[in-house]
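Shown next: run-v2.cif, containing mmCIF, C-alpha atoms.
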```cif
data_coords
loop_
_atom_site.label_atom_id
_atom_site.label_comp_id
_atom_site.auth_asym_id
_atom_site.auth_seq_id
_atom_site.Cartn_x
_atom_site.Cartn_y
_atom_site.Cartn_z
CA GLU E 1 0.22 16.30 -24.64
CA ALA E 2 3.51 14.46 -24.20
CA GLY E 3 3.68 12.05 -21.28
CA VAL E 4 6.40 11.48 -18.71
CA ALA E 5 9.66 10.56 -20.44
CA GLN E 6 12.31 8.33 -18.90
CA SER E 7 15.69 7.11 -20.08
CA PRO E 8 17.28 4.73 -20.43
CA ARG E 9 14.55 2.10 -20.69
CA TYR E 10 16.90 -0.70 -19.70
CA LYS E 11 20.22 -0.83 -17.89
CA ILE E 12 22.44 -3.73 -16.86
CA ILE E 13 25.36 -3.09 -14.51
CA GLU E 14 27.55 -5.03 -12.13
CA LYS E 15 27.29 -4.62 -8.39
CA ARG E 16 29.30 -1.74 -6.95
CA GLN E 17 28.98 0.21 -10.21
CA SER E 18 27.10 3.52 -10.46
CA VAL E 19 24.03 4.25 -12.52
CA ALA E 20 21.82 7.26 -13.24
CA PHE E 21 18.28 7.56 -14.51
CA TRP E 22 16.66 10.58 -16.10
CA CYS E 23 13.05 11.77 -16.01
CA ASN E 24 11.28 14.58 -17.83
CA PRO E 25 7.82 15.16 -16.35
CA ILE E 26 4.74 16.48 -18.11
CA SER E 27 5.15 20.18 -18.85
CA GLY E 28 3.78 22.36 -16.06
CA HIS E 29 3.66 19.59 -13.47
CA ALA E 30 4.98 20.88 -10.17
CA THR E 31 5.37 17.57 -8.40
CA LEU E 32 7.70 14.77 -9.41
CA TYR E 33 7.98 11.34 -7.83
CA TRP E 34 10.49 8.49 -8.09
CA TYR E 35 9.24 5.00 -7.29
CA GLN E 36 11.02 1.66 -7.06
CA GLN E 37 9.09 -1.41 -8.17
CA ILE E 38 10.72 -4.72 -7.32
CA LEU E 39 9.46 -7.76 -9.22
CA GLY E 40 6.20 -9.00 -7.72
CA GLN E 41 5.68 -5.86 -5.62
CA GLY E 42 3.83 -2.62 -6.06
CA PRO E 43 5.65 0.66 -6.65
CA LYS E 44 7.26 2.12 -3.51
CA LEU E 45 7.86 5.85 -3.22
CA LEU E 46 11.52 6.80 -2.95
CA ILE E 47 11.36 10.59 -3.16
CA GLN E 48 8.89 13.37 -3.92
CA PHE E 49 9.83 16.81 -5.23
CA GLN E 50 7.67 19.91 -5.33
CA ASN E 51 9.27 22.14 -7.95
CA ASN E 52 12.96 21.79 -7.01
CA GLY E 53 12.46 21.13 -3.29
CA VAL E 54 12.25 17.74 -1.57
CA VAL E 55 8.87 17.03 0.07
CA ASP E 56 9.44 13.44 1.20
CA ASP E 57 12.58 11.31 1.00
CA SER E 58 11.93 9.18 4.06
CA GLN E 59 12.16 5.91 2.09
CA LEU E 60 15.23 6.83 0.03
CA PRO E 61 18.34 4.80 1.05
CA LYS E 62 20.48 7.89 1.32
CA ASP E 63 23.74 6.00 1.77
CA ARG E 64 23.63 4.99 -1.88
CA PHE E 65 20.72 6.76 -3.57
CA SER E 66 20.55 10.43 -4.47
CA ALA E 67 18.16 12.48 -6.56
CA GLU E 68 17.98 16.04 -7.76
CA ARG E 69 15.61 18.31 -9.66
CA LEU E 70 17.74 21.39 -10.02
CA LYS E 71 15.60 23.63 -12.22
CA GLY E 72 12.26 22.28 -11.08
CA VAL E 73 11.73 20.43 -14.34
CA ASP E 74 13.61 17.24 -15.15
CA SER E 75 15.19 15.03 -12.54
CA THR E 76 17.94 12.45 -12.14
CA LEU E 77 18.10 9.52 -9.73
CA LYS E 78 21.52 8.02 -9.00
CA ILE E 79 22.62 4.83 -7.31
CA GLN E 80 26.22 4.62 -6.15
CA PRO E 81 27.31 1.90 -5.52
CA ALA E 82 24.60 -0.48 -6.73
CA LYS E 83 23.72 -3.68 -4.90
CA LEU E 84 22.03 -6.82 -6.20
CA GLU E 85 18.82 -5.91 -4.35
CA ASP E 86 18.56 -2.66 -6.33
CA SER E 87 17.40 -4.68 -9.35
CA ALA E 88 13.96 -3.23 -10.05
CA VAL E 89 11.96 -0.97 -12.33
CA TYR E 90 12.41 2.70 -11.45
CA LEU E 91 9.29 4.68 -12.24
CA CYS E 92 9.01 8.42 -12.48
CA ALA E 93 5.64 10.11 -12.08
CA SER E 94 4.42 13.69 -12.10
CA SER E 95 1.30 15.54 -11.01
CA ILE E 96 0.08 19.04 -11.65
CA GLY E 97 -0.30 19.99 -8.01
CA THR E 98 1.04 19.02 -4.65
CA SER E 99 -2.09 17.44 -3.20
CA LEU E 100 -2.16 13.68 -2.67
CA TYR E 101 -5.48 13.81 -4.55
CA ASN E 102 -3.88 15.03 -7.77
CA GLU E 103 -3.63 12.29 -10.38
CA GLN E 104 -0.12 10.97 -10.86
CA PHE E 105 1.00 10.24 -14.41
CA PHE E 106 3.68 7.58 -14.73
CA GLY E 107 6.47 7.17 -17.23
CA PRO E 108 7.34 3.77 -18.76
CA GLY E 109 10.10 3.13 -16.21
CA THR E 110 13.75 2.10 -16.36
CA ARG E 111 14.42 -1.58 -15.76
CA LEU E 112 17.69 -1.98 -13.84
CA THR E 113 19.44 -5.32 -13.56
CA VAL E 114 22.38 -5.54 -11.16
CA LEU E 115 24.62 -8.59 -11.71
CA ASP F 1 4.26 -4.02 7.21
CA GLN F 2 1.92 -4.16 4.24
CA GLN F 3 -0.62 -1.40 4.58
CA VAL F 4 -2.37 -2.26 1.31
CA LYS F 5 -2.97 -5.91 0.49
CA GLN F 6 -4.11 -7.58 -2.67
CA ASN F 7 -4.32 -11.21 -1.71
CA SER F 8 -5.08 -12.62 -5.17
CA PRO F 9 -1.98 -12.54 -7.38
CA SER F 10 -4.00 -13.53 -10.42
CA LEU F 11 -7.55 -13.84 -11.72
CA SER F 12 -8.95 -15.36 -14.92
CA VAL F 13 -12.37 -14.37 -16.23
CA GLN F 14 -14.27 -15.14 -19.40
CA GLU F 15 -15.00 -12.31 -21.80
CA GLY F 16 -18.35 -10.69 -21.05
CA ARG F 17 -18.40 -11.80 -17.42
CA ILE F 18 -17.76 -9.69 -14.33
CA SER F 19 -14.24 -9.29 -12.94
CA ILE F 20 -13.95 -8.54 -9.23
CA LEU F 21 -10.61 -7.47 -7.82
CA ASN F 22 -10.22 -7.08 -4.08
CA CYS F 23 -8.05 -4.95 -1.84
CA ASP F 24 -7.70 -4.62 1.93
CA TYR F 25 -5.97 -1.90 3.91
CA THR F 26 -4.85 -1.51 7.50
CA ASN F 27 -4.14 2.20 7.96
CA SER F 28 -7.20 4.03 9.34
CA MET F 29 -5.74 7.34 8.15
CA PHE F 30 -6.22 6.39 4.49
CA ASP F 31 -9.04 8.46 3.00
CA TYR F 32 -8.44 8.22 -0.73
CA PHE F 33 -8.22 5.04 -2.74
CA LEU F 34 -7.23 4.47 -6.33
CA TRP F 35 -6.93 1.69 -8.87
CA TYR F 36 -4.17 1.72 -11.45
CA LYS F 37 -3.87 -0.51 -14.49
CA LYS F 38 -0.50 -1.59 -15.87
CA TYR F 39 0.36 -3.18 -19.20
CA PRO F 40 3.78 -4.83 -19.73
CA ALA F 41 6.66 -2.39 -20.37
CA GLU F 42 4.43 0.58 -19.56
CA GLY F 43 3.94 2.66 -16.43
CA PRO F 44 0.75 2.34 -14.38
CA THR F 45 -2.18 4.42 -15.60
CA PHE F 46 -4.92 5.78 -13.37
CA LEU F 47 -8.23 3.98 -13.70
CA ILE F 48 -10.67 5.09 -11.02
CA SER F 49 -10.65 6.49 -7.49
CA ILE F 50 -12.91 6.86 -4.48
CA SER F 51 -12.83 9.12 -1.46
CA SER F 52 -13.71 7.84 1.98
CA ILE F 53 -16.88 9.96 2.06
CA LYS F 54 -18.37 7.72 -0.62
CA ASP F 55 -19.03 4.00 -0.77
CA LYS F 56 -19.30 3.66 -4.54
CA ASN F 57 -17.90 5.33 -7.63
CA GLU F 58 -18.73 4.38 -11.17
CA ASP F 59 -17.05 5.16 -14.49
CA GLY F 60 -18.41 3.28 -17.47
CA ARG F 61 -17.64 -0.42 -17.07
CA PHE F 62 -15.63 0.19 -13.90
CA THR F 63 -17.09 0.51 -10.41
CA VAL F 64 -15.20 0.77 -7.15
CA PHE F 65 -16.88 -0.11 -3.86
CA LEU F 66 -15.52 0.96 -0.48
CA ASN F 67 -16.41 -0.68 2.85
CA LYS F 68 -14.73 1.48 5.48
CA SER F 69 -15.75 -0.62 8.45
CA ALA F 70 -14.13 -3.68 6.87
CA LYS F 71 -11.24 -1.64 5.43
CA HIS F 72 -11.95 -3.26 2.10
CA LEU F 73 -12.44 -2.07 -1.43
CA SER F 74 -13.18 -3.84 -4.66
CA LEU F 75 -13.06 -3.05 -8.36
CA HIS F 76 -15.80 -4.45 -10.57
CA ILE F 77 -15.37 -4.59 -14.34
CA VAL F 78 -18.56 -5.38 -16.28
CA PRO F 79 -18.49 -6.67 -18.93
CA SER F 80 -14.88 -7.81 -19.01
CA GLN F 81 -13.04 -7.45 -22.33
CA PRO F 82 -9.77 -9.00 -23.55
CA GLY F 83 -8.19 -5.52 -23.55
CA ASP F 84 -8.73 -5.41 -19.79
CA SER F 85 -6.03 -8.05 -19.35
CA ALA F 86 -3.37 -6.29 -17.28
CA VAL F 87 -2.02 -5.98 -13.76
CA TYR F 88 -4.27 -3.94 -11.46
CA PHE F 89 -2.82 -2.10 -8.49
CA CYS F 90 -4.83 -0.85 -5.56
CA ALA F 91 -3.35 2.25 -3.89
CA ALA F 92 -4.26 4.38 -0.90
CA SER F 93 -3.24 7.68 0.65
CA GLY F 94 -4.29 9.91 3.50
CA GLY F 95 -3.06 12.14 6.29
CA ASN F 96 0.62 12.65 5.61
CA THR F 97 1.04 9.21 4.08
CA PRO F 98 1.95 9.29 0.41
CA LEU F 99 0.51 6.82 -2.06
CA VAL F 100 0.95 3.21 -0.92
CA PHE F 101 0.46 0.46 -3.48
CA GLY F 102 -0.57 -3.16 -3.14
CA LYS F 103 1.34 -5.93 -4.91
CA GLY F 104 -1.10 -6.09 -7.78
CA THR F 105 -3.49 -8.64 -9.29
CA ARG F 106 -2.92 -9.96 -12.80
CA LEU F 107 -6.24 -10.14 -14.62
CA SER F 108 -6.58 -12.36 -17.68
CA VAL F 109 -9.75 -12.03 -19.71
CA ILE F 110 -10.22 -15.06 -21.90
CA ALA F 111 -12.05 -14.68 -25.20
#
```
Just give me the structure of the file as structure tokens.
Amino acid sequence: EAGVAQSPRYKIIEKRQSVAFWCNPISGHATLYWYQQILGQGPKLLIQFQNNGVVDDSQLPKDRFSAERLKGVDSTLKIQPAKLEDSAVYLCASSIGTSLYNEQFFGPGTRLTVL
Amino acid sequence: DQQVKQNSPSLSVQEGRISILNCDYTNSMFDYFLWYKKYPAEGPTFLISISSIKDKNEDGRFTVFLNKSAKHLSLHIVPSQPGDSAVYFCAASGGNTPLVFGKGTRLSVIA
């Protein structure tokens, strides 16, 4: 079974530029998560989708971050414009159900460096 | 406000010995606790979990202990192997709170 795919794996941009990350979850997984992991910290949830609807985006900085999962499968996370403090690894995860007790499977992440 | 705390950033253990990783939490609504393992350049992978109705869960070399009154859990790895060297994250969820992760503990198992 293929795991969660993410691209690109690495991205370097200058502040005020825009960037987008892509995630393809495990086939059949209804729930998709985007996490931000800053160096030395644990992953922090940004947004959770159930199929193509948003379940929780309370920690998403909506003035600059946006995410969509239009067909309930793959998803994109966008930052516009980027700030220095957005430098982090962006992890995508998926789970088969919507319960918090369903195991989350993580992709390898996209490492973003903002200069 | 850190709801899940891993106070030891790193731990070194000799191969064959026991590794004990600790985690404290503050939110009384948490009722499900997990440990994730992360290798460099990979995403975290699920290791073991425990629900608040239990105080111990075992899976092979890995055992998680939960002390609800102290709001403390620990992961025991016996015996430790070099392949166990990784960053271990404690995570918790419950009520309407999604998964909250600690900062992680880097375990080094020395051969």
Given a cut-off of 10 Å, which residues of chain E touch chain F, counting all atoms listed in the file, written out as a PyMOL selection string? chain E and resi 4+9+37-45+48+56+89-93+99-101+103-111
Requested write-out: C-alpha atoms of the selected residues, as a compact mmCIF listing (two decimals), in the coordinates of the input:
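And here is the file that came out, result35.txt:
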```txt
# COMPACT_ATOMS: atom_id res chain seq x y z
CA VAL E 4 6.40 11.48 -18.71
CA ARG E 9 14.55 2.10 -20.69
CA GLN E 37 9.09 -1.41 -8.17
CA ILE E 38 10.72 -4.72 -7.32
CA LEU E 39 9.46 -7.76 -9.22
CA GLY E 40 6.20 -9.00 -7.72
CA GLN E 41 5.68 -5.86 -5.62
CA GLY E 42 3.83 -2.62 -6.06
CA PRO E 43 5.65 0.66 -6.65
CA LYS E 44 7.26 2.12 -3.51
CA LEU E 45 7.86 5.85 -3.22
CA GLN E 48 8.89 13.37 -3.92
CA ASP E 56 9.44 13.44 1.20
CA VAL E 89 11.96 -0.97 -12.33
CA TYR E 90 12.41 2.70 -11.45
CA LEU E 91 9.29 4.68 -12.24
CA CYS E 92 9.01 8.42 -12.48
CA ALA E 93 5.64 10.11 -12.08
CA SER E 99 -2.09 17.44 -3.20
CA LEU E 100 -2.16 13.68 -2.67
CA TYR E 101 -5.48 13.81 -4.55
CA GLU E 103 -3.63 12.29 -10.38
CA GLN E 104 -0.12 10.97 -10.86
CA PHE E 105 1.00 10.24 -14.41
CA PHE E 106 3.68 7.58 -14.73
CA GLY E 107 6.47 7.17 -17.23
CA PRO E 108 7.34 3.77 -18.76
CA GLY E 109 10.10 3.13 -16.21
CA THR E 110 13.75 2.10 -16.36
CA ARG E 111 14.42 -1.58 -15.76
```
Taking the file above as input, evaluate the PyMOL selection byres ((chain F and resi 67-71) around 12) and report the hits as a PDB file with C-alpha atoms, in the frame of the given file.
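File written: result03.pdb
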```pdb
ATOM      1  CA  GLN F   3      -0.620  -1.400   4.580  1.00  0.00           C
ATOM      2  CA  VAL F   4      -2.370  -2.260   1.310  1.00  0.00           C
ATOM      3  CA  LYS F   5      -2.970  -5.910   0.490  1.00  0.00           C
ATOM      4  CA  ASN F  22     -10.220  -7.080  -4.080  1.00  0.00           C
ATOM      5  CA  CYS F  23      -8.050  -4.950  -1.840  1.00  0.00           C
ATOM      6  CA  ASP F  24      -7.700  -4.620   1.930  1.00  0.00           C
ATOM      7  CA  TYR F  25      -5.970  -1.900   3.910  1.00  0.00           C
ATOM      8  CA  THR F  26      -4.850  -1.510   7.500  1.00  0.00           C
ATOM      9  CA  ASN F  27      -4.140   2.200   7.960  1.00  0.00           C
ATOM     10  CA  SER F  28      -7.200   4.030   9.340  1.00  0.00           C
ATOM     11  CA  MET F  29      -5.740   7.340   8.150  1.00  0.00           C
ATOM     12  CA  PHE F  30      -6.220   6.390   4.490  1.00  0.00           C
ATOM     13  CA  ASP F  31      -9.040   8.460   3.000  1.00  0.00           C
ATOM     14  CA  TYR F  32      -8.440   8.220  -0.730  1.00  0.00           C
ATOM     15  CA  PHE F  33      -8.220   5.040  -2.740  1.00  0.00           C
ATOM     16  CA  ILE F  50     -12.910   6.860  -4.480  1.00  0.00           C
ATOM     17  CA  SER F  51     -12.830   9.120  -1.460  1.00  0.00           C
ATOM     18  CA  SER F  52     -13.710   7.840   1.980  1.00  0.00           C
ATOM     19  CA  ILE F  53     -16.880   9.960   2.060  1.00  0.00           C
ATOM     20  CA  LYS F  54     -18.370   7.720  -0.620  1.00  0.00           C
ATOM     21  CA  ASP F  55     -19.030   4.000  -0.770  1.00  0.00           C
ATOM     22  CA  LYS F  56     -19.300   3.660  -4.540  1.00  0.00           C
ATOM     23  CA  VAL F  64     -15.200   0.770  -7.150  1.00  0.00           C
ATOM     24  CA  PHE F  65     -16.880  -0.110  -3.860  1.00  0.00           C
ATOM     25  CA  LEU F  66     -15.520   0.960  -0.480  1.00  0.00           C
ATOM     26  CA  HIS F  72     -11.950  -3.260   2.100  1.00  0.00           C
ATOM     27  CA  LEU F  73     -12.440  -2.070  -1.430  1.00  0.00           C
ATOM     28  CA  SER F  74     -13.180  -3.840  -4.660  1.00  0.00           C
ATOM     29  CA  LEU F  75     -13.060  -3.050  -8.360  1.00  0.00           C
ATOM     30  CA  ALA F  92      -4.260   4.380  -0.900  1.00  0.00           C
TER      31      ALA F  92
END
```
Spatial neighbours of His29 in chain E, max dist 6 Å, all atoms listed in the file, sep filter under 2 positions, as a PyMOL selection string: chain E and resi 26-27+31+95-96
Using Å and a single decimal, report how far CA of Pro81 in chain E sits from CA of Val114 in chain E.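 Straight-line distance from CA of Val114 in chain E to CA of Pro81 in chain E works out to 10.6 Å.
Within 12 Å of the point (33.1, -1.3, -11.6), and counting only C-alpha atoms, the protein, DNA and RNA residues are Ile13, Glu14, Lys15, Arg16, Gln17, Ser18, Val19, Gln80, Pro81, Ala82, Lys83, Val114 and Leu115 of chain E.
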Any idea what the distance is between CA of Arg106 in chain F and CA of Gly60 in chain F? 20.9 Å
Report, in Å with one decimal, the straight-line distance from CA of Arg64 in chain E to CA of Lys78 in chain E.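 Those two atoms sit 8.0 Å apart.
Taking all atoms listed in the file, the non-local environment of range 81-85 of chain F within 10 Å (same-chain residues fewer than 3 positions away omitted) comprises Leu11, Ser12, Val13, Gln14, Glu15, Gly16, Arg17, Ile18, Ser19, Lys37, Lys38, Tyr39, Arg61, Ile77, Val78, Tyr88, Arg106, Leu107, Ser108, Val109, Ile110 and Ala111 of chain F.
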Just checking: using only C-alpha atoms, which residue out of E:Glu68, E:Ile47, E:Gln6, E:Leu112 ends up closest to Glu85 in chain E?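 Going through E:Glu68, E:Ile47, E:Gln6, E:Leu112 one by one, the smallest distance to Glu85 in chain E is for E:Leu112.
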Expanded to explicit residues, what is the PyMOL selection byres ((chain E and resi 60) around 12) for this file, as number ranges by chain? E: 33-36, 44-48, 54, 56-59, 61-67, 77-79, 86
